[in-house]
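> What follows is a structure written as structure tokens; I'll ask about it next.
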Amino acid sequence: MKKPGSPLLYTRQTPIGCTGLAERDGVIIELALRAKPATERLPEPEVIRRAFAQIEEYLAGRRKNFDVPLHAEGTPFMREVWRALCRIPYGETRSYKDIAAAVGRPRAMRAVGMANNRNPIALFIPCHRVIGADGKLVGFGGGLDLKRRLLDLEAGNSLPPRIGKAGVVASGRHISQGSTGTIPGAR
């Protein structure tokens with residue numbers, strides 16, 4: 001059941017599959033990988049159009065940083081981890097152990113993994129850049145194949161296009177509101 005004022009998830013086919021975005025008050029609050037394509041077409045708010053354009057530029061290898069307004073909801077620890085993820089340079093990776101050390105909790109690798117898992121705006125907060133201490137790919141909401149493709153893209157390889165019908169749609173799925181916390185510098 002829709003809550004009054006609950007944001008819609010707008011979806012588009014992208015080179016990485018159906019991707020969804022939600023906004024509240026002109027700020028991106030969710031990016032859904034492997035979203036279910038919607039059937040109802042609704043006009044997109046300007047921030048949604050800009051965010052999709054920047055995702056397309058990123059996936060085409062023409063953008064390294066995002067500059068749409070973002071708001072990631074989570075605990076203070078999660079937000080601290082997400083800020084650390086935003087400091088990982090394009091084309092580089094860090095381990096969960098590295099991120100735990102960066103937030104001053106060197107033994108909190110599992111908690112860092114949970115914060116990564118709960119990242120509501122993947123790509124914008126680049127959780128795909130976090131790998132296991134042994135260099136292996138582990139954990140990613142979009143799947144390890146997509147994680148590999150994104151890391152390959154950032155290493156200078158092109159992302160092969162994915163066949164799909166392009167279009168702008170908004171789903172009837174509404175997302176709930178949670179605790180707040182903007183992630184400064186999350187571009």
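For the structure tokens, the naming scheme is as follows: chains receive sequential letters (A, B, ...) according to their order of presentation, residues are indexed from 1 within each chain, and ligands are indexed from 1 in presentation order.
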As a ChimeraX atom specification, which residues of region 6-183 of chain A does DSSP assign to strand (DSSP E or B)?
/A:8-14,17-24,27-33,70,94-95,121-122,125,130-131,168-174
> Since we have the selection now, will you write its residues out, keeping C-alpha atoms, as a compact mmCIF listing (two decimals), in the first residue's frame?

```
# COMPACT_ATOMS: atom_id res chain seq x y z
CA LEU A 8 8.42 6.15 -6.87
CA LEU A 9 11.16 3.99 -8.33
CA TYR A 10 11.80 5.13 -11.92
CA THR A 11 13.36 2.47 -14.13
CA ARG A 12 15.29 2.40 -17.38
CA GLN A 13 17.11 -0.24 -19.36
CA THR A 14 20.85 0.48 -19.15
CA GLY A 17 20.24 -4.18 -17.12
CA CYS A 18 17.13 -2.58 -15.73
CA THR A 19 18.19 0.09 -13.24
CA GLY A 20 15.90 1.96 -10.88
CA LEU A 21 16.24 5.33 -9.21
CA ALA A 22 14.15 7.04 -6.55
CA GLU A 23 14.28 10.63 -5.35
CA ARG A 24 12.85 12.67 -2.54
CA VAL A 27 17.76 14.24 -4.06
CA ILE A 28 18.58 10.67 -5.19
CA ILE A 29 17.83 8.26 -2.32
CA GLU A 30 17.95 4.84 -3.99
CA LEU A 31 19.61 3.09 -6.91
CA ALA A 32 18.27 -0.39 -7.59
CA LEU A 33 20.32 -2.78 -9.71
CA LEU A 70 22.49 12.22 -2.95
CA ARG A 94 40.21 -1.46 -1.32
CA SER A 95 39.61 -4.43 0.96
CA ILE A 121 22.82 4.12 -3.85
CA ALA A 122 25.40 1.74 -5.33
CA ILE A 125 28.65 5.26 -3.46
CA VAL A 130 35.59 -3.17 -2.23
CA ILE A 131 37.12 -6.64 -2.54
CA VAL A 168 11.73 5.62 -19.22
CA VAL A 169 9.25 4.07 -16.86
CA ALA A 170 8.25 4.42 -13.25
CA SER A 171 7.18 1.44 -11.23
CA GLY A 172 4.34 1.31 -8.82
CA ARG A 173 6.82 0.15 -6.17
CA HIS A 174 7.21 2.68 -3.42
```
> Which residues, written as a ChimeraX atom specification, have at least one atom at most 10 Å from Met114 (chain A), with only C-alpha atoms counted and residues fewer than 6 positions away on the same chain left out?
/A:78,81,108,139
> Find the distance between CA of Ala60 (chain A) and CA of Asn119 (chain A) and write it in Å to one decimal.
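Calculated distance between CA of Ala60 (chain A) and CA of Asn119 (chain A) is 23.1 Å.
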> So how far away is CA of Glu92 (chain A) from CA of Phe66 (chain A), in Å?
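One can read the CA of Phe66 (chain A) to CA of Glu92 (chain A) distance as 16.3 Å.
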> List the spatial neighbours of Tyr90 (chain A) as a ChimeraX atom specification - criterion: any atom at most 8 Å away, only C-alpha atoms, same-chain residues fewer than 4 positions off excluded.
/A:64-65,154
> Can I get the selection written as a short mmCIF file (atom, residue, chain, number, x, y, z; two decimals), in the first residue's frame, with C-alpha atoms?

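Wrote it out as again.cif, contents follow:
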```cif
data_model
loop_
_atom_site.label_atom_id
_atom_site.label_comp_id
_atom_site.auth_asym_id
_atom_site.auth_seq_id
_atom_site.Cartn_x
_atom_site.Cartn_y
_atom_site.Cartn_z
CA LYS A 64 34.44 9.13 -13.34
CA ASN A 65 32.52 11.13 -10.73
CA GLU A 154 37.16 1.44 -14.51
#
```
> From a DSSP calculation on the backbone, collect every residue of region 41-171 of chain A in helix (DSSP H, G or I) and output the set as a CSV table (one decimal) with N, CA and C atoms, in the first residue's frame.

```
chain,number,residue,atom,x,y,z
A,46,GLU,N,13.6,16.1,-12.8
A,46,GLU,CA,14.9,16.6,-13.4
A,46,GLU,C,16.0,15.8,-12.8
A,47,VAL,N,16.1,15.6,-11.4
A,47,VAL,CA,17.2,14.9,-10.8
A,47,VAL,C,17.3,13.5,-11.3
A,48,ILE,N,16.2,12.8,-11.6
A,48,ILE,CA,16.2,11.4,-12.1
A,48,ILE,C,16.8,11.4,-13.5
A,49,ARG,N,16.3,12.4,-14.3
A,49,ARG,CA,16.9,12.4,-15.7
A,49,ARG,C,18.4,12.7,-15.6
A,50,ARG,N,18.9,13.6,-14.8
A,50,ARG,CA,20.3,13.9,-14.7
A,50,ARG,C,21.1,12.7,-14.2
A,51,ALA,N,20.5,12.0,-13.2
A,51,ALA,CA,21.2,10.8,-12.6
A,51,ALA,C,21.3,9.7,-13.7
A,52,PHE,N,20.2,9.4,-14.4
A,52,PHE,CA,20.3,8.4,-15.4
A,52,PHE,C,21.3,8.8,-16.5
A,53,ALA,N,21.3,10.1,-16.9
A,53,ALA,CA,22.3,10.5,-17.9
A,53,ALA,C,23.7,10.3,-17.4
A,54,GLN,N,24.0,10.6,-16.1
A,54,GLN,CA,25.3,10.4,-15.6
A,54,GLN,C,25.7,8.9,-15.5
A,55,ILE,N,24.7,8.1,-15.1
A,55,ILE,CA,25.0,6.6,-15.1
A,55,ILE,C,25.3,6.2,-16.5
A,56,GLU,N,24.6,6.6,-17.5
A,56,GLU,CA,24.9,6.2,-18.9
A,56,GLU,C,26.3,6.7,-19.3
A,57,GLU,N,26.7,7.9,-18.9
A,57,GLU,CA,28.0,8.4,-19.2
A,57,GLU,C,29.1,7.6,-18.5
A,58,TYR,N,28.8,7.2,-17.2
A,58,TYR,CA,29.8,6.4,-16.5
A,58,TYR,C,29.9,5.0,-17.2
A,59,LEU,N,28.8,4.4,-17.6
A,59,LEU,CA,28.9,3.1,-18.2
A,59,LEU,C,29.5,3.1,-19.6
A,76,PRO,N,24.8,5.9,11.8
A,76,PRO,CA,26.1,6.7,11.7
A,76,PRO,C,27.3,5.9,11.2
A,77,PHE,N,27.4,4.6,11.7
A,77,PHE,CA,28.5,3.8,11.2
A,77,PHE,C,28.4,3.6,9.7
A,78,MET,N,27.2,3.2,9.2
A,78,MET,CA,27.1,3.0,7.8
A,78,MET,C,27.5,4.2,7.0
A,79,ARG,N,27.0,5.4,7.5
A,79,ARG,CA,27.4,6.6,6.7
A,79,ARG,C,28.9,6.9,6.7
A,80,GLU,N,29.5,6.5,7.8
A,80,GLU,CA,31.0,6.7,7.9
A,80,GLU,C,31.7,5.8,6.9
A,81,VAL,N,31.2,4.5,6.8
A,81,VAL,CA,31.7,3.6,5.8
A,81,VAL,C,31.5,4.1,4.4
A,82,TRP,N,30.3,4.6,4.1
A,82,TRP,CA,30.0,5.1,2.8
A,82,TRP,C,30.8,6.2,2.4
A,83,ARG,N,31.1,7.1,3.4
A,83,ARG,CA,32.0,8.2,3.1
A,83,ARG,C,33.4,7.7,2.7
A,84,ALA,N,33.9,6.7,3.4
A,84,ALA,CA,35.2,6.0,3.1
A,84,ALA,C,35.1,5.4,1.7
A,85,LEU,N,34.0,4.8,1.3
A,85,LEU,CA,33.9,4.2,0.0
A,85,LEU,C,34.0,5.3,-1.1
A,86,CYS,N,33.4,6.5,-0.8
A,86,CYS,CA,33.5,7.6,-1.8
A,86,CYS,C,34.9,8.1,-2.0
A,96,TYR,N,37.9,-4.9,2.6
A,96,TYR,CA,37.0,-4.6,3.7
A,96,TYR,C,37.9,-4.2,4.9
A,97,LYS,N,39.0,-4.8,5.0
A,97,LYS,CA,40.0,-4.5,6.1
A,97,LYS,C,40.5,-3.1,5.9
A,98,ASP,N,40.8,-2.7,4.7
A,98,ASP,CA,41.2,-1.3,4.5
A,98,ASP,C,40.2,-0.3,4.9
A,99,ILE,N,38.9,-0.6,4.6
A,99,ILE,CA,37.8,0.3,4.9
A,99,ILE,C,37.6,0.4,6.4
A,100,ALA,N,37.7,-0.8,7.1
A,100,ALA,CA,37.6,-0.8,8.5
A,100,ALA,C,38.7,0.0,9.2
A,101,ALA,N,39.9,-0.1,8.7
A,101,ALA,CA,41.0,0.7,9.2
A,101,ALA,C,40.7,2.2,9.0
A,102,ALA,N,40.2,2.5,7.8
A,102,ALA,CA,39.9,3.9,7.4
A,102,ALA,C,38.9,4.6,8.3
A,109,MET,N,35.6,-5.7,10.0
A,109,MET,CA,35.5,-6.0,8.6
A,109,MET,C,34.0,-6.5,8.3
A,110,ARG,N,33.5,-7.3,9.1
A,110,ARG,CA,32.1,-7.8,8.9
A,110,ARG,C,31.1,-6.7,8.9
A,111,ALA,N,31.3,-5.7,9.8
A,111,ALA,CA,30.4,-4.6,9.9
A,111,ALA,C,30.5,-3.7,8.7
A,112,VAL,N,31.7,-3.6,8.2
A,112,VAL,CA,31.9,-2.9,6.9
A,112,VAL,C,31.2,-3.6,5.8
A,113,GLY,N,31.3,-4.9,5.8
A,113,GLY,CA,30.6,-5.7,4.8
A,113,GLY,C,29.1,-5.5,4.8
A,114,MET,N,28.5,-5.4,6.0
A,114,MET,CA,27.1,-5.2,6.2
A,114,MET,C,26.7,-3.8,5.7
A,115,ALA,N,27.6,-2.8,6.0
A,115,ALA,CA,27.3,-1.4,5.5
A,115,ALA,C,27.3,-1.4,4.0
A,116,ASN,N,28.3,-2.1,3.4
A,116,ASN,CA,28.4,-2.2,2.0
A,116,ASN,C,27.1,-2.8,1.4
A,117,ASN,N,26.6,-3.9,2.1
A,117,ASN,CA,25.4,-4.6,1.6
A,117,ASN,C,24.2,-3.7,1.7
A,127,CYS,N,30.5,0.9,-3.8
A,127,CYS,CA,30.7,-0.3,-3.0
A,127,CYS,C,31.3,-1.4,-3.9
A,128,HIS,N,31.2,-1.3,-5.2
A,128,HIS,CA,31.8,-2.3,-6.1
A,128,HIS,C,33.3,-2.3,-6.1
A,129,ARG,N,33.9,-1.2,-5.5
A,129,ARG,CA,35.4,-1.1,-5.4
A,129,ARG,C,35.9,-1.8,-4.2
A,144,LEU,N,28.3,-10.8,-8.7
A,144,LEU,CA,29.8,-10.7,-8.9
A,144,LEU,C,30.1,-10.4,-10.4
A,145,ASP,N,29.3,-10.9,-11.3
A,145,ASP,CA,29.6,-10.7,-12.7
A,145,ASP,C,29.5,-9.2,-13.0
A,146,LEU,N,28.5,-8.5,-12.5
A,146,LEU,CA,28.4,-7.1,-12.7
A,146,LEU,C,29.6,-6.3,-12.0
A,147,LYS,N,29.9,-6.8,-10.8
A,147,LYS,CA,31.0,-6.2,-10.1
A,147,LYS,C,32.3,-6.2,-10.9
A,148,ARG,N,32.6,-7.4,-11.5
A,148,ARG,CA,33.7,-7.6,-12.4
A,148,ARG,C,33.7,-6.7,-13.6
A,149,ARG,N,32.5,-6.6,-14.2
A,149,ARG,CA,32.3,-5.7,-15.4
A,149,ARG,C,32.6,-4.2,-15.0
A,150,LEU,N,32.1,-3.8,-13.8
A,150,LEU,CA,32.3,-2.4,-13.4
A,150,LEU,C,33.8,-2.1,-13.1
A,151,LEU,N,34.5,-3.1,-12.5
A,151,LEU,CA,35.9,-2.9,-12.2
A,151,LEU,C,36.7,-2.9,-13.5
A,152,ASP,N,36.3,-3.8,-14.5
A,152,ASP,CA,37.0,-3.8,-15.8
A,152,ASP,C,36.8,-2.5,-16.5
A,153,LEU,N,35.5,-2.0,-16.4
A,153,LEU,CA,35.3,-0.7,-17.0
A,153,LEU,C,36.2,0.4,-16.5
A,154,GLU,N,36.3,0.4,-15.2
A,154,GLU,CA,37.2,1.4,-14.5
A,154,GLU,C,38.6,1.2,-14.8
```
> Which is closest to Ala133 (chain A) among A:Arg118, A:Thr93, A:Val103, A:Ile16, if we use only C-alpha atoms?
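Ranking A:Arg118, A:Thr93, A:Val103, A:Ile16 by distance to Ala133 (chain A), first place goes to A:Thr93.
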> Find the distance between CA of Asp25 (chain A) and CA of Pro69 (chain A) and write it in Å to one decimal.
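Pair CA of Asp25 (chain A) / CA of Pro69 (chain A) returns 10.1 Å.
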